[in-house]
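The structure under discussion appears below in the form of structure tokens.
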Amino acid sequence: MGTPDFVVPCLEKLYNSRHSVLGVFSQPDKPVGRKQILTPPPVKAFALEKNIPVFQPERIKNSNALDIIKELNPDIIIVVAYGKILPLEILSAAKYGCINVHASLLPKYRGAAPIQWAVLDGEEKTGVSIMQMDEGLDTGDVLLVKETQIGEDETSAELFDRLSLIGSDALVEALDLIESGSASPSKQPEGDWGYAKMITKELCPIDWNKSAFKIHNQVRGLQTWPVATTIINSKNVKIHKTCHTDIKGGIAGEIIDNNKKLVVSCGDGKCLEILEIQAEGKKKMSARDFLLGNKIELHSVIGG
């Protein structure tokens with residue numbers, strides 16, 4: 001059970017393993033792009049290519065989903081970014097229940113956007129947790145954990161790709177442990193560990209009064225959607241890539257260097273260099289190319 005492209009490596013790894021994939025549940029096809037072309041989820045496209053039966057119920061509760069699962073009669077149900085809450089009757093429909101591939105070190109970053117929030121918060125490490133699902137939100141017993149460091153300049157999109165591969169390996173390893181009876185479930189600790197809420201465009205505007213560290217993490221964490229933004233010459237622009245620099249000084253949002261590069265002062269007195277930028281209605285480009293077509297006064301202040 002899964003929907004976005006994060007799921008595909010898991011399904012592919014399963015398909016190429018000694019295990020048999022009986023069927024795939026994904027969310028319904030959705031309109032995509034300006035022309036709103038009805039497009040199948042990535043996991044459905046892969047499944048159809050491999051002749052795996054695909055099911056796309058609009059609702060998982062009060063539907064024929066349970067009947068389909070009973071007919072398939074699986075040993076285990078694997079859930080990876082499916083996007084729907086599963087009722088108890090489905091959680092317990094298979095011999096070994098449901099396991100979930102979750103892209104965080106549980107109990108931290110339970111919820112919808114664990115990868116983005118790990119980057120937004122400046123975490124130095126994250127990973128994948130294979131969890132036995134229960135009725136709570138990412139609260140089940142953890143069967144297996146794989147850790148990885150987060151690079152200083154790594155974006156959430158890059159981390160997304162890495163964790164999908166780590167998760168696929170961890171999934172097959174966990175299945176082998178379950179099948180052999182050697183899995184050792186570990187209860188998650190009690191307490192409020194926070195919640196990785198959905199990412200929205202409200203997170204995009206950059207507040208240059210924040211530290212260079214926090215702004216850099218904001219730019220990394222909002223890749224490739226919805227992308228951090230700021231105001232330059234009264235126009236909203238997207239900031240795709242930044243890096244730390246040794247240059248210091250200036251007030252928050254002040255342009256410190258505009259000679260073939262774009263360096264902005266942050267609230268802590270440290271500066272960030274903007275590497276990739278995108279004007280309204282334009283393609284993403286280097287800051288150097290942006291400066292060729294857009295005059296930005298030295299010591300002017302950007303932002304809202």
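By order in the structure tokens, chains are A, B, ...; within a chain, residues start at 1; ligands start at 1, following the order shown.
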
Stretch 100-116 of chain A environment, 7 Å, only C-alpha atoms, sequence neighbours closer than 2 positions dropped, as a PyMOL selection string: chain A and resi 78-80+98+118-120+126-133+137-138+156+160+163+167+171+188+193-199+221-222

Going by DSSP on the backbone, which bits of stretch 17-218 of chain A are alpha helix (DSSP H)? Write them as a PyMOL selection string, please. chain A and resi 42-49+65-72+88-91+114-120+156-180+212-218

Create the file for the chosen residues now, containing C-alpha atoms and written as a short mmCIF file (atom, residue, chain, number, x, y, z; two decimals), in the first residue's frame.
data_model
loop_
_atom_site.label_atom_id
_atom_site.label_comp_id
_atom_site.auth_asym_id
_atom_site.auth_seq_id
_atom_site.Cartn_x
_atom_site.Cartn_y
_atom_site.Cartn_z
CA PRO A 42 4.23 6.35 -9.51
CA VAL A 43 3.65 3.10 -7.60
CA LYS A 44 0.69 2.23 -9.83
CA ALA A 45 2.74 2.84 -12.97
CA PHE A 46 5.44 0.45 -11.74
CA ALA A 47 2.92 -2.19 -10.67
CA LEU A 48 1.15 -2.16 -14.03
CA GLU A 49 4.48 -2.48 -15.82
CA ALA A 65 -10.98 -2.86 0.42
CA LEU A 66 -11.20 -5.46 3.19
CA ASP A 67 -12.94 -7.93 0.87
CA ILE A 68 -10.16 -7.50 -1.70
CA ILE A 69 -7.50 -8.09 0.93
CA LYS A 70 -9.26 -11.20 2.22
CA GLU A 71 -9.41 -12.55 -1.32
CA LEU A 72 -5.70 -11.87 -1.86
CA LEU A 88 -8.29 -1.94 12.70
CA GLU A 89 -9.88 -4.62 10.50
CA ILE A 90 -7.26 -3.99 7.80
CA LEU A 91 -4.40 -3.61 10.28
CA PRO A 114 9.34 13.64 8.40
CA ILE A 115 12.03 14.15 5.77
CA GLN A 116 11.35 17.84 5.21
CA TRP A 117 11.09 18.64 8.91
CA ALA A 118 14.33 16.86 9.76
CA VAL A 119 16.08 19.18 7.30
CA LEU A 120 14.10 22.27 8.32
CA SER A 156 15.06 17.31 1.50
CA ALA A 157 14.66 16.15 -2.12
CA GLU A 158 18.13 14.58 -2.11
CA LEU A 159 17.52 13.03 1.29
CA PHE A 160 14.15 11.76 0.05
CA ASP A 161 15.91 9.79 -2.69
CA ARG A 162 18.52 8.35 -0.32
CA LEU A 163 16.01 7.32 2.32
CA SER A 164 13.82 5.59 -0.26
CA LEU A 165 16.75 3.31 -1.10
CA ILE A 166 17.70 2.80 2.55
CA GLY A 167 14.06 2.01 3.29
CA SER A 168 13.82 -0.59 0.52
CA ASP A 169 16.82 -2.51 1.89
CA ALA A 170 15.53 -2.22 5.45
CA LEU A 171 12.11 -3.51 4.40
CA VAL A 172 13.43 -6.75 2.91
CA GLU A 173 15.69 -7.25 5.93
CA ALA A 174 12.72 -6.77 8.27
CA LEU A 175 10.60 -9.24 6.30
CA ASP A 176 13.29 -11.87 6.65
CA LEU A 177 13.44 -11.26 10.43
CA ILE A 178 9.65 -11.55 10.73
CA GLU A 179 9.49 -14.70 8.63
CA SER A 180 12.28 -16.38 10.60
CA ALA A 212 21.97 31.97 8.66
CA PHE A 213 21.73 28.39 9.93
CA LYS A 214 17.92 28.46 10.10
CA ILE A 215 17.47 30.18 6.74
CA HIS A 216 19.84 27.76 5.02
CA ASN A 217 17.84 24.87 6.50
CA GLN A 218 14.60 26.49 5.29
#

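With distances restricted to only C-alpha atoms, A:Lys235 is the closest residue to A:Gly281 from A:Asn259, A:Lys235, A:Ser63, A:Gly303.
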
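Between atom CA of A:Gln56 and atom CA of A:Asp29 the interatomic distance comes to 8.2 Å.
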
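Close contacts of A:Asp268, defined as residues with an atom at most 10 Å away when counting only C-alpha atoms, with chain neighbours fewer than 2 positions off set aside, comprise Trp208, Asn209, Lys210, Ser211, Ala212, Phe213, Lys248, Gly249, Gly250, Ile251, Ala252, Ser265, Cys266, Lys270 and Cys271 of chain A.
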
Deliver the residues from the most recent selection as a file, using all heavy atoms, as a short mmCIF file (atom, residue, chain, number, x, y, z; two decimals), in the first residue's frame.
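As a result, selection_15.cif now contains:
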data_model
loop_
_atom_site.label_atom_id
_atom_site.label_comp_id
_atom_site.auth_asym_id
_atom_site.auth_seq_id
_atom_site.Cartn_x
_atom_site.Cartn_y
_atom_site.Cartn_z
N TRP A 208 14.64 37.21 7.11
CA TRP A 208 16.10 37.39 7.17
C TRP A 208 16.58 37.77 8.56
O TRP A 208 17.80 37.85 8.81
CB TRP A 208 16.54 38.43 6.14
CG TRP A 208 16.34 37.93 4.74
CD1 TRP A 208 15.31 38.24 3.89
CD2 TRP A 208 17.16 37.01 4.02
NE1 TRP A 208 15.45 37.57 2.69
CE2 TRP A 208 16.58 36.80 2.74
CE3 TRP A 208 18.35 36.33 4.33
CZ2 TRP A 208 17.13 35.96 1.78
CZ3 TRP A 208 18.91 35.49 3.37
CH2 TRP A 208 18.31 35.30 2.12
N ASN A 209 15.65 38.02 9.51
CA ASN A 209 16.04 38.27 10.90
C ASN A 209 16.49 36.99 11.59
O ASN A 209 17.12 37.03 12.64
CB ASN A 209 14.87 38.88 11.68
CG ASN A 209 14.57 40.30 11.24
OD1 ASN A 209 15.39 41.20 11.42
ND2 ASN A 209 13.40 40.51 10.65
N LYS A 210 16.16 35.84 11.00
CA LYS A 210 16.60 34.56 11.57
C LYS A 210 18.08 34.33 11.29
O LYS A 210 18.69 35.02 10.47
CB LYS A 210 15.75 33.42 11.00
CG LYS A 210 14.30 33.46 11.42
CD LYS A 210 13.53 32.27 10.87
CE LYS A 210 12.08 32.27 11.33
NZ LYS A 210 11.33 31.12 10.78
N SER A 211 18.64 33.34 11.94
CA SER A 211 20.06 33.04 11.77
C SER A 211 20.33 32.45 10.39
O SER A 211 19.43 31.91 9.73
CB SER A 211 20.53 32.06 12.83
OG SER A 211 19.94 30.78 12.62
N ALA A 212 21.57 32.55 9.95
CA ALA A 212 21.97 31.97 8.66
C ALA A 212 21.72 30.47 8.66
O ALA A 212 21.32 29.89 7.65
CB ALA A 212 23.45 32.27 8.39
N PHE A 213 21.94 29.84 9.80
CA PHE A 213 21.73 28.39 9.93
C PHE A 213 20.27 28.03 9.66
O PHE A 213 19.98 27.13 8.86
CB PHE A 213 22.13 27.96 11.34
CG PHE A 213 21.87 26.51 11.67
CD1 PHE A 213 22.69 25.51 11.17
CD2 PHE A 213 20.80 26.15 12.49
CE1 PHE A 213 22.46 24.17 11.47
CE2 PHE A 213 20.56 24.83 12.79
CZ PHE A 213 21.40 23.83 12.29
N LYS A 248 30.82 38.42 6.84
CA LYS A 248 29.96 38.78 7.97
C LYS A 248 29.61 40.26 7.92
O LYS A 248 30.22 41.03 7.18
CB LYS A 248 30.66 38.46 9.29
CG LYS A 248 30.88 36.97 9.53
CD LYS A 248 31.52 36.72 10.88
CE LYS A 248 31.74 35.23 11.11
NZ LYS A 248 32.37 34.95 12.42
N GLY A 249 28.61 40.63 8.71
CA GLY A 249 28.25 42.04 8.85
C GLY A 249 26.98 42.39 8.13
O GLY A 249 26.45 41.63 7.33
N GLY A 250 26.46 43.60 8.44
CA GLY A 250 25.25 44.07 7.79
C GLY A 250 24.02 43.82 8.63
O GLY A 250 24.02 43.03 9.58
N ILE A 251 22.93 44.48 8.24
CA ILE A 251 21.66 44.26 8.91
C ILE A 251 20.91 43.13 8.20
O ILE A 251 21.26 42.74 7.09
CB ILE A 251 20.81 45.54 8.93
CG1 ILE A 251 20.44 45.97 7.50
CG2 ILE A 251 21.53 46.66 9.67
CD1 ILE A 251 19.46 47.12 7.43
N ALA A 252 19.88 42.63 8.84
CA ALA A 252 19.14 41.49 8.29
C ALA A 252 18.57 41.83 6.91
O ALA A 252 17.89 42.83 6.74
CB ALA A 252 18.01 41.10 9.23
N SER A 265 23.02 39.34 4.26
CA SER A 265 23.24 39.27 5.69
C SER A 265 22.00 38.73 6.40
O SER A 265 20.87 39.03 6.02
CB SER A 265 23.59 40.65 6.25
OG SER A 265 23.82 40.58 7.64
N CYS A 266 22.22 37.93 7.43
CA CYS A 266 21.12 37.35 8.22
C CYS A 266 21.08 37.97 9.61
O CYS A 266 21.95 38.77 9.98
CB CYS A 266 21.30 35.84 8.30
SG CYS A 266 21.39 35.04 6.68
N LYS A 270 25.77 36.74 10.41
CA LYS A 270 26.42 35.90 9.42
C LYS A 270 25.70 36.06 8.08
O LYS A 270 24.60 36.59 8.03
CB LYS A 270 26.39 34.44 9.88
CG LYS A 270 27.18 34.18 11.15
CD LYS A 270 27.12 32.72 11.57
CE LYS A 270 27.91 32.49 12.85
NZ LYS A 270 27.86 31.06 13.28
N CYS A 271 26.35 35.59 7.02
CA CYS A 271 25.78 35.80 5.69
C CYS A 271 25.58 34.48 4.95
O CYS A 271 26.27 33.49 5.21
CB CYS A 271 26.69 36.69 4.86
SG CYS A 271 26.82 38.38 5.46
#

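For the pair atom CA of A:Ile150 and atom CA of A:Asp121, the separation is 11.4 Å.
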
As a PyMOL selection string, list the residues of stretch 27-91 of chain A assigned to strand (DSSP E or B) by DSSP on the backbone atoms of this structure. chain A and resi 30-32+37-39+54-55+77-80

Produce a file of the selected residues containing N, CA, C and O atoms, as a CSV table (one decimal), in the first residue's frame.
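Final output, selection-v7.csv:
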chain,number,residue,atom,x,y,z
A,30,LYS,N,-4.7,11.3,-10.2
A,30,LYS,CA,-5.0,12.7,-9.9
A,30,LYS,C,-4.6,13.6,-11.1
A,30,LYS,O,-3.7,13.3,-11.8
A,31,PRO,N,-5.3,14.7,-11.3
A,31,PRO,CA,-4.9,15.7,-12.3
A,31,PRO,C,-3.6,16.3,-12.0
A,31,PRO,O,-3.3,16.7,-10.9
A,32,VAL,N,-2.7,16.4,-13.0
A,32,VAL,CA,-1.3,16.9,-12.8
A,32,VAL,C,-1.0,18.0,-13.9
A,32,VAL,O,-1.4,17.8,-15.0
A,37,ILE,N,-3.8,16.9,-16.5
A,37,ILE,CA,-3.9,15.5,-17.1
A,37,ILE,C,-4.0,14.5,-16.0
A,37,ILE,O,-3.2,14.5,-15.1
A,38,LEU,N,-5.0,13.6,-16.1
A,38,LEU,CA,-5.2,12.6,-15.1
A,38,LEU,C,-4.0,11.6,-15.2
A,38,LEU,O,-3.7,11.0,-16.2
A,39,THR,N,-3.3,11.5,-14.0
A,39,THR,CA,-2.0,10.8,-14.0
A,39,THR,C,-2.0,9.8,-12.9
A,39,THR,O,-2.4,10.0,-11.8
A,54,VAL,N,-3.6,-3.8,-9.4
A,54,VAL,CA,-3.7,-2.5,-8.7
A,54,VAL,C,-5.1,-2.2,-8.3
A,54,VAL,O,-6.0,-2.4,-9.0
A,55,PHE,N,-5.2,-1.7,-7.0
A,55,PHE,CA,-6.5,-1.3,-6.5
A,55,PHE,C,-6.5,0.1,-6.0
A,55,PHE,O,-5.5,0.5,-5.3
A,77,ILE,N,1.0,-7.1,5.2
A,77,ILE,CA,0.7,-5.9,4.4
A,77,ILE,C,1.7,-4.9,4.7
A,77,ILE,O,2.0,-4.6,5.8
A,78,ILE,N,2.3,-4.4,3.6
A,78,ILE,CA,3.4,-3.4,3.7
A,78,ILE,C,2.8,-2.0,3.3
A,78,ILE,O,2.2,-1.9,2.3
A,79,VAL,N,3.0,-1.0,4.2
A,79,VAL,CA,2.4,0.3,4.0
A,79,VAL,C,3.6,1.3,3.9
A,79,VAL,O,4.4,1.4,4.8
A,80,VAL,N,3.7,2.0,2.8
A,80,VAL,CA,4.7,3.0,2.6
A,80,VAL,C,4.1,4.3,2.0
A,80,VAL,O,3.7,4.3,0.8

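For A:Lys84, the non-local neighbours within 10 Å, defined as residues at least 4 positions apart in the same chain or in other chains and counting only C-alpha atoms, are Met1, Gly2, Thr3, Ser26, Gln27, Glu58, Arg59, Ile60, Lys61 and Val79 of chain A.
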
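The interatomic distance for the pair atom CA of A:Val145 and atom CA of A:Asp5 works out to 21.3 Å.
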
Compare A:Gly191, A:Gly304, A:Pro87, A:Gly140 by their minimum atom-to-atom distance to A:Thr230, counting only C-alpha atoms, and give me the closest one. A:Gly304
